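Novice: First the structure, which I've put down as structure tokens, then a few questions once you've had a look.
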Amino acid sequence: MAEAVFEDIRLLTDLFDPQEIIRATADRTMTKGGAASFTGYVSSNDGVEALELSHYEPLTLTGMKKLAIAARERFDLKAITIVHRVGRMTPGDPIVCVAAASRHRRDAINAVDFCMDHLKSAAWFWKRELKHGEWHWIEPRQADHEDLARWNPE
Amino acid sequence: MAEAVFEDIRLLTDLFDPQEIIRATADRTMTKGGAASFTGYVSSNDGVEALELSHYEPLTLTGMKKLAIAARERFDLKAITIVHRVGRMTPGDPIVCVAAASRHRRDAINAVDFCMDHLKSAAWFWKRELKHGEWHWIEPRQADHEDLARWNPE
Amino acid sequence: MAVTILFLGPLRDKAGEDSRAVAAPLDWTGLIEAVGSEIARELADDRVNIACGGKVLSDKTTLNALDGDEVALLPPVSGG
Amino acid sequence: MAVTILFLGPLRDKAGEDSRAVAAPLDWTGLIEAVGSEIARELADDRVNIACGGKVLSDKTTLNALDGDEVALLPPVSGG
């Protein structure tokens, strides 16, 4: 089963179209079921003018690929796509798009939820925001640990 | 807050593009956060040639609108879209697309999950499949009740 | 005018027609008599609901359809 | 050749540079001495990880970087 899964894991430095990604993920399923997705966008809240995302290349893509494998092992998937922007973005730009296709709705939705919760521990991203002409690093937050704990109830 | 929410609830008799719907839902958010979606497609499993979805019009759209209101009350949403096909479809056609936008990822994903679980009790749809030239009604299933029970832990 | 009984989903096949006009008023007993024994057996199933005038009845035996009302017989919705 | 120390995310600002080349081999004590007191304080934080040769160390004090290795200092990732 695992070999038939369509997988598309990418780090992009340019603007991407989440709809193309969601469509491609849904289209790759041989017998249609359902496709779930989540796309995160750069916020313009609190006067953010730009967002810069840096990462450590030797770990990032490897981490994202391992995450896709973990999702495929945990859920019954036909396709899984994880696309992440790096570099400088402006408000409204998509940062991340995760899409999953499955014969079972719950598996598709849960795989998206699982990948989003695990992205920060699987890949290493640091973000800083430009506000009023000054760059500010975005701090880690406790909720990320709680997000992860949801998947290991023991 | 409730009045600022973008809402698009539709029953369609013709083919629709889920990507347009997801894009419109994400675009309607003033300050971007994230957009989650689920799209269900007509399956071609077991030699299905066509799917016909009938409904009871006085209840269906009203039920879908009430469901959108329930989702808005339960989750912090900026946009909610529920689009459902009725009539005759062929394998690969999208049947249903639910999309939700929120400042908070968890709210967007959970709203989609919630609406999908509640659609069958909010609206009245009956499906029959054409297989080898014969129509067969699709039976109710127990799992639908379990899906609903997830949202009322008491 | 009269009361229109609508057969929905699989009940349409069992009834052999989309709808039937019967004399108003129509209560639960009248409905059972009007639809024939096969549909009557289906109506006994708790999962089969009845809508009158566009509203699902919480207790279908309280049906009281008046002249011009539409009575929809709603079998359980399909899974999947 | 030498060992390259990479300062990532907010640590880059604190170090005032992207990377620094130091003599090989490099262990935990050598690293602490090489990075200066401000970065050394950051490294004492459990949430700051170290990768050597593209792998995150489960115990950063076991660092043993050889000639040509890249030692990446990984502060906690950003929230949101």
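In the structure tokens, chains take the letters A, B, ... in the order shown, each chain's residues start at 1, and ligands count up from 1 in the order shown.
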Residues of chain B in helix (DSSP H, G or I) according to DSSP, as a PyMOL selection string?

Specialist: chain B and resi 2-4+18-27+45-47+57-74+105-122+142-149

Novice: Which residues of chain B are close to chain C, meaning at most 8 Å apart when you count only C-alpha atoms, and how do they look as a PyMOL selection string?

Specialist: chain B and resi 54-56+58-59+120+124-127+137-141+144

Novice: Suppose we keep N, CA and C atoms; can you now write the selection as a PDB file, in the first residue's frame?

Specialist:
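Contents of result.pdb, freshly written:
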ATOM      1  N   SER B  54     -30.607  12.667  -4.064  1.00  0.00           N
ATOM      2  CA  SER B  54     -31.875  13.390  -3.963  1.00  0.00           C
ATOM      3  C   SER B  54     -31.978  13.991  -2.566  1.00  0.00           C
ATOM      4  N   HIS B  55     -32.837  14.995  -2.425  1.00  0.00           N
ATOM      5  CA  HIS B  55     -32.957  15.668  -1.124  1.00  0.00           C
ATOM      6  C   HIS B  55     -34.373  16.208  -0.985  1.00  0.00           C
ATOM      7  N   TYR B  56     -34.709  16.720   0.182  1.00  0.00           N
ATOM      8  CA  TYR B  56     -36.011  17.342   0.382  1.00  0.00           C
ATOM      9  C   TYR B  56     -35.775  18.835   0.542  1.00  0.00           C
ATOM     10  N   PRO B  58     -37.263  21.759   1.040  1.00  0.00           N
ATOM     11  CA  PRO B  58     -37.616  22.678   2.138  1.00  0.00           C
ATOM     12  C   PRO B  58     -36.737  22.498   3.379  1.00  0.00           C
ATOM     13  N   LEU B  59     -36.102  21.338   3.515  1.00  0.00           N
ATOM     14  CA  LEU B  59     -35.271  21.104   4.709  1.00  0.00           C
ATOM     15  C   LEU B  59     -33.775  21.296   4.447  1.00  0.00           C
ATOM     16  N   LYS B 120     -25.037  15.255   7.492  1.00  0.00           N
ATOM     17  CA  LYS B 120     -26.068  14.257   7.218  1.00  0.00           C
ATOM     18  C   LYS B 120     -27.278  14.388   8.139  1.00  0.00           C
ATOM     19  N   TRP B 124     -31.007  16.536   4.433  1.00  0.00           N
ATOM     20  CA  TRP B 124     -31.548  15.213   4.141  1.00  0.00           C
ATOM     21  C   TRP B 124     -31.164  14.842   2.731  1.00  0.00           C
ATOM     22  N   PHE B 125     -30.191  13.932   2.639  1.00  0.00           N
ATOM     23  CA  PHE B 125     -29.724  13.468   1.334  1.00  0.00           C
ATOM     24  C   PHE B 125     -29.877  11.951   1.234  1.00  0.00           C
ATOM     25  N   TRP B 126     -30.387  11.526   0.097  1.00  0.00           N
ATOM     26  CA  TRP B 126     -30.431  10.081  -0.185  1.00  0.00           C
ATOM     27  C   TRP B 126     -29.649   9.828  -1.456  1.00  0.00           C
ATOM     28  N   LYS B 127     -28.806   8.791  -1.392  1.00  0.00           N
ATOM     29  CA  LYS B 127     -27.920   8.517  -2.521  1.00  0.00           C
ATOM     30  C   LYS B 127     -28.220   7.163  -3.127  1.00  0.00           C
ATOM     31  N   TRP B 137     -29.834   1.851  -3.801  1.00  0.00           N
ATOM     32  CA  TRP B 137     -29.803   2.851  -2.732  1.00  0.00           C
ATOM     33  C   TRP B 137     -28.661   2.549  -1.764  1.00  0.00           C
ATOM     34  N   ILE B 138     -27.998   3.609  -1.291  1.00  0.00           N
ATOM     35  CA  ILE B 138     -26.939   3.422  -0.301  1.00  0.00           C
ATOM     36  C   ILE B 138     -27.575   3.464   1.082  1.00  0.00           C
ATOM     37  N   GLU B 139     -27.304   2.431   1.868  1.00  0.00           N
ATOM     38  CA  GLU B 139     -27.903   2.286   3.195  1.00  0.00           C
ATOM     39  C   GLU B 139     -27.317   3.287   4.202  1.00  0.00           C
ATOM     40  N   PRO B 140     -28.084   3.582   5.246  1.00  0.00           N
ATOM     41  CA  PRO B 140     -27.502   4.380   6.355  1.00  0.00           C
ATOM     42  C   PRO B 140     -26.401   3.576   7.012  1.00  0.00           C
ATOM     43  N   ARG B 141     -25.523   4.238   7.754  1.00  0.00           N
ATOM     44  CA  ARG B 141     -24.492   3.460   8.458  1.00  0.00           C
ATOM     45  C   ARG B 141     -24.312   3.964   9.880  1.00  0.00           C
ATOM     46  N   ASP B 144     -22.070   7.017  11.148  1.00  0.00           N
ATOM     47  CA  ASP B 144     -22.534   8.405  11.120  1.00  0.00           C
ATOM     48  C   ASP B 144     -22.964   8.878  12.507  1.00  0.00           C
TER      49      ASP B 144
END

Novice: When you draw a straight line from CA of Thr13 in chain A to CA of Lys131 in chain A, how long is it in Å?

Specialist: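 Distance reported for this atom pair: 21.6 Å.
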
Novice: Give me, as an MDAnalysis selection string, the contact residues of chain B against chain A at a cut-off of 9 Å, counting only C-alpha atoms.

Specialist: chainID B and resid 18:20 22:23 26:27 30:45 91:94 103 105:106 108:109 112:113 116

Novice: I need the strand (DSSP E or B) residues of chain D per DSSP on the backbone, written as a PyMOL selection string.

Specialist: chain D and resi 3-7+19-22+26-27+49-52+55-56+64-65+70-74

Novice: May I ask for the distance between CA of Thr4 in chain C and CA of Gly63 in chain B, given in Å to one decimal place?

Specialist: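 Computed distance, CA of Thr4 in chain C to CA of Gly63 in chain B, equals 22.1 Å.
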
Novice: Separation of CA of Ala111 in chain A and CA of Phe75 in chain A, in Å?

Specialist: 6.5 Å

Novice: Report as a PyMOL selection string all protein, DNA and RNA residues lying within 12 Å of Val35 in chain C, evaluated on only C-alpha atoms, omitting residues in the same chain fewer than 2 positions from it.

Specialist: chain C and resi 4-7+11-12+14-17+19-22+26+28-33+37-43+71+73
